[in-house]
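**Q** Got a structure for you, questions after.
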Amino acid sequence: MDADVLVLGAGFAGVAAARDLQESGKRVVVLEARDRIGGRTWYKEMPGAEVGVEYGGMFFSRETQPHLAAEIERYDIRVTPAITQPADMGWVRGGDRVAGPSAFDDVRGKLAASNLIPALEETAAAFGSGERTDLSRFEVTSAAWVESIDAPEDAADYLRAFLAAMGGGRIERTSVLPLLWDMVELGYNPVDAYVDMGELFTDGTKSLIDAMAEGLDIRLGSVLASVTQDAEGVRATTVDGAALTASAAVVALPLNCWADVRFDPPLSAPKQRVASEGHVGAVSKVLAVVDGSPETFLGVGWNTPVNAGFVTKPAAAGRLFMGFSAQDPVDLSDHAAVAAAVNAHLPEATVIATDGHDWVNDPFSKGTWLAIPPGWFGDGTFDQLEMPEGRIAFAGSDIASEGAGWIEGAIGSGARAAVTLTRLLVG
């Protein structure tokens, strides 16, 4: 055997699993297709910004995400506190814009008076009892669900913008049920979510992933072709024909990349289903350097390209704007289109530089963060995705039983995979 355990993928899930397995005394080799670690997090300097920028996942909350909080404490990672009261806010609805600290007050008040809060309470009760089938009526698209809560149209548009930005995809394709559960699990709702913009890594996600990966045997540029297993072990073969063997393995690839790997024996029916269908996360994360913006800013928009936008820190001669474009994703390579999208929120600002990464067409992600279509959550399919199969454990933000879609979910899932294989190899 080349190792005790092969870990396939060096995002946060794979690195967490590899680190824990190595600390338990196992020989671990990590195979990563990219020329870097970090998966769908990527902190690097943006051209024209003169500052490090998060091209992928970034926000978190230590208060509600214990696995991530523990890693931050363990490695003494610097954290930038959440911005709880931006200097300016804006609510954009098509060609209309309301600005100022009270920009959201009217629509949030209308949402609070709708059927939104009772729906969240019903979700919490059902998950608390373990009877998810009680929530079958919520296994619909986010778009259809908004129509059901009896909110005035302007408040409904605010909710649509929220579900697009948080859900990570077009609301006509995402299921609202996992989004409702995420709200319950992490203790937020669309009425007050934007009051707290979340914490950030002061030195980027790279500061944590690099610390966690210290001392690991990570082999970059290793693109998987197949994974086979039998009673004795696991064999992973790359597209260039190289093969490694181990007693066990952790598959820590993005869910939308599972279909690119031949598994022998084949994956279980639930895993084959989701690998075939793929999740629907498809967001353009807009990055721009702007001059003439407020020091901090929060914008929400519907029928405009950027559904949620933020100004958080200095960059070059201005400030850094980050936005999520999900309803009608803006072409990140089109500077003029991106500038127009930013100016819809900050009409007085000058857009100096723009950038972004196309995660949807990236062959090693094929999508942004987890966005579940209707049908995976309520019928129990999603619950099967983290289950081990033979000598293979599965980990990742896309399949995490807790914190799915977040860095928290990736780390927790990787830790559980390490425990599973440690027990297997002892046995």
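Convention: chains lettered A, B, ... in structure tokens order; per-chain residue numbering from 1; ligands numbered from 1 as shown.
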Looking only at the backbone, which of the residues in range 62-157 of chain A does DSSP tag as alpha helix (DSSP H), as number ranges by chain?
**A** A: 66-75, 105-112, 116-129, 142-148, 153-157
**Q** Can you tell me which residues surround range 382-392 of chain A at a distance of at most 6 Å, considering only C-alpha atoms, apart from same-chain residues fewer than 6 positions away, and format the answer as a count of residues only?
**A** 6
**Q** For Leu298 in chain A, find every residue with an atom within 7 Å (counting only C-alpha atoms), except residues of its own chain fewer than 5 positions away, and show them as a PDB file with C-alpha atoms, in the first residue's frame.
**A**
```pdb
ATOM      1  CA  PRO A  86     -23.047  49.439   7.655  1.00  0.00           C
ATOM      2  CA  ASP A  88     -24.996  53.020   4.222  1.00  0.00           C
ATOM      3  CA  MET A  89     -27.631  50.653   2.850  1.00  0.00           C
ATOM      4  CA  GLY A  90     -29.588  50.413  -0.371  1.00  0.00           C
ATOM      5  CA  GLY A 309     -23.653  43.497  -2.386  1.00  0.00           C
ATOM      6  CA  PHE A 310     -21.167  44.636   0.258  1.00  0.00           C
ATOM      7  CA  VAL A 311     -18.389  47.159   0.729  1.00  0.00           C
TER       8      VAL A 311
END
```
**Q** Quick one: DSSP strand (DSSP E or B) residues in range 56-106 of chain A, as a PDB file with C-alpha atoms, in the first residue's frame?
**A**
```
ATOM      1  CA  PHE A  60     -18.813  32.649   8.829  1.00  0.00           C
ATOM      2  CA  VAL A  79     -10.726  37.390  12.473  1.00  0.00           C
ATOM      3  CA  THR A  80     -12.368  40.603  11.331  1.00  0.00           C
ATOM      4  CA  ASP A  88     -24.996  53.020   4.222  1.00  0.00           C
ATOM      5  CA  MET A  89     -27.631  50.653   2.850  1.00  0.00           C
ATOM      6  CA  GLY A  90     -29.588  50.413  -0.371  1.00  0.00           C
ATOM      7  CA  TRP A  91     -32.658  48.539  -1.602  1.00  0.00           C
ATOM      8  CA  VAL A  92     -32.813  48.307  -5.382  1.00  0.00           C
ATOM      9  CA  ARG A  93     -35.962  47.072  -7.098  1.00  0.00           C
ATOM     10  CA  ASP A  96     -36.041  52.148  -8.115  1.00  0.00           C
ATOM     11  CA  ARG A  97     -33.539  52.638  -5.310  1.00  0.00           C
ATOM     12  CA  VAL A  98     -34.105  53.476  -1.663  1.00  0.00           C
ATOM     13  CA  ALA A  99     -30.964  54.472   0.250  1.00  0.00           C
TER      14      ALA A  99
END
```
**Q** Measuring between only C-alpha atoms, which one of A:Pro265, A:Pro66, A:Pro305, A:Gly292 shows the shortest distance to Arg319 in chain A?
**A**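 Checking each candidate against Arg319 in chain A, we get A:Gly292 as the closest.
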**Q** Report the distance between CA of Arg173 in chain A and CA of Ala151 in chain A in Å, rounded to one decimal place.
**A**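 Distance reported for this atom pair: 20.9 Å.
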**Q** Using only C-alpha atoms, which residues of range 136-217 of chain A come within 8 Å of range 40-44 of chain A, and what is the closest atom pair for each, with the distance in Å to one decimal? Give it as JSON lines, sorted by chain and residue number.
**A**
```
{"residue": "A:Gly204", "atom": "CA", "partner": "A:Tyr43", "partner_atom": "CA", "distance": 5.6}
{"residue": "A:Thr205", "atom": "CA", "partner": "A:Tyr43", "partner_atom": "CA", "distance": 6.1}
{"residue": "A:Lys206", "atom": "CA", "partner": "A:Tyr43", "partner_atom": "CA", "distance": 5.8}
```
**Q** Which residues, written as a list in words, have at least one atom at most 9 Å from Arg262 in chain A, with only C-alpha atoms counted and residues fewer than 3 positions away on the same chain left out?
**A**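 Listing them by chain and then by number gives Leu224, Ala225, Ser226, Val227, Thr228, Trp258, Ala259, Pro265 and Pro266 of chain A.
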**Q** Name the closest residue to Ala165 in chain A among the candidates A:Ala252, A:Ala349, A:Met46, A:Ala282; distances are taken between atoms, counting only C-alpha atoms.
**A**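 Of the candidates, the smallest distance to Ala165 in chain A is held by A:Ala282.
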**Q** Find the spatial neighbours of Ala49 in chain A, counting only C-alpha atoms, within a cut-off of 7 Å - ignore same-chain residues fewer than 4 positions away - and output them as number ranges by chain.
**A** A: 289, 315-316
**Q** Which residue is closest to Tyr55 in chain A? Choose from A:Leu177, A:Ala415, A:Met322, A:Ala161 and count only C-alpha atoms.
**A**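 Closest to Tyr55 in chain A of all the choices is A:Met322.
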**Q** Residues near range 25-34 of chain A, anyone? I mean within 8 Å using only C-alpha atoms, not counting same-chain ones fewer than 6 positions away, as a PDB file with C-alpha atoms, in the first residue's frame.
**A**
```pdb
ATOM      1  CA  ALA A   3      -0.663   4.862   2.266  1.00  0.00           C
ATOM      2  CA  ASP A   4      -3.100   3.890   4.988  1.00  0.00           C
ATOM      3  CA  VAL A   5      -5.610   6.421   3.641  1.00  0.00           C
ATOM      4  CA  LEU A   6      -5.942   8.323   0.390  1.00  0.00           C
ATOM      5  CA  VAL A   7      -7.792  11.638   0.679  1.00  0.00           C
ATOM      6  CA  LEU A   8      -9.222  12.762  -2.638  1.00  0.00           C
ATOM      7  CA  GLY A   9      -9.576  16.536  -2.672  1.00  0.00           C
ATOM      8  CA  ALA A  10      -7.763  19.272  -0.713  1.00  0.00           C
ATOM      9  CA  GLY A  14     -10.212  16.891   2.653  1.00  0.00           C
ATOM     10  CA  ALA A  18      -6.219  14.250   6.322  1.00  0.00           C
ATOM     11  CA  LEU A 216       0.520  16.927   4.950  1.00  0.00           C
ATOM     12  CA  ASP A 217       1.632  15.011   1.851  1.00  0.00           C
ATOM     13  CA  ILE A 218      -0.481  16.836  -0.773  1.00  0.00           C
ATOM     14  CA  ARG A 219       0.093  16.000  -4.429  1.00  0.00           C
ATOM     15  CA  LEU A 220      -1.219  18.796  -6.626  1.00  0.00           C
ATOM     16  CA  GLY A 221      -2.226  18.339 -10.261  1.00  0.00           C
ATOM     17  CA  SER A 222      -3.646  14.870  -9.563  1.00  0.00           C
ATOM     18  CA  VAL A 223      -6.882  14.672 -11.580  1.00  0.00           C
ATOM     19  CA  LEU A 224      -8.861  11.557 -10.678  1.00  0.00           C
ATOM     20  CA  PHE A 364     -12.882  21.077 -10.624  1.00  0.00           C
TER      21      PHE A 364
END
```
**Q** State, in Å with one decimal place, the distance from CA of Asp291 in chain A to CA of Phe201 in chain A.
**A**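 CA of Phe201 in chain A lies 23.6 Å from CA of Asp291 in chain A.
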**Q** Which residues are close to range 103-111 of chain A, i.e. within 10 Å by only C-alpha atoms, leaving aside same-chain residues fewer than 3 positions away? Reply as a ChimeraX atom specification.
**A** /A:88-92,97-100,114-117,149-159,190-192,194,299-300
**Q** Between CA of Phe394 in chain A and CA of Ala243 in chain A, what is the distance, to one decimal in Å?
**A**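 One can read the CA of Phe394 in chain A to CA of Ala243 in chain A distance as 19.9 Å.
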**Q** Using only C-alpha atoms, pick whichever of A:Gly56, A:Pro314, A:Gly414, A:Gly278 has the shortest atom-to-atom distance to His357 in chain A.
**A**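 Answer, going by the shortest atom-to-atom distance: A:Gly56.
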**Q** Which residue is closest to Leu253 in chain A? Choose from A:Gly396, A:Gly48, A:Gly57, A:Gly409 and count only C-alpha atoms.
**A**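 Ranked by minimum distance to Leu253 in chain A, first place goes to A:Gly396.
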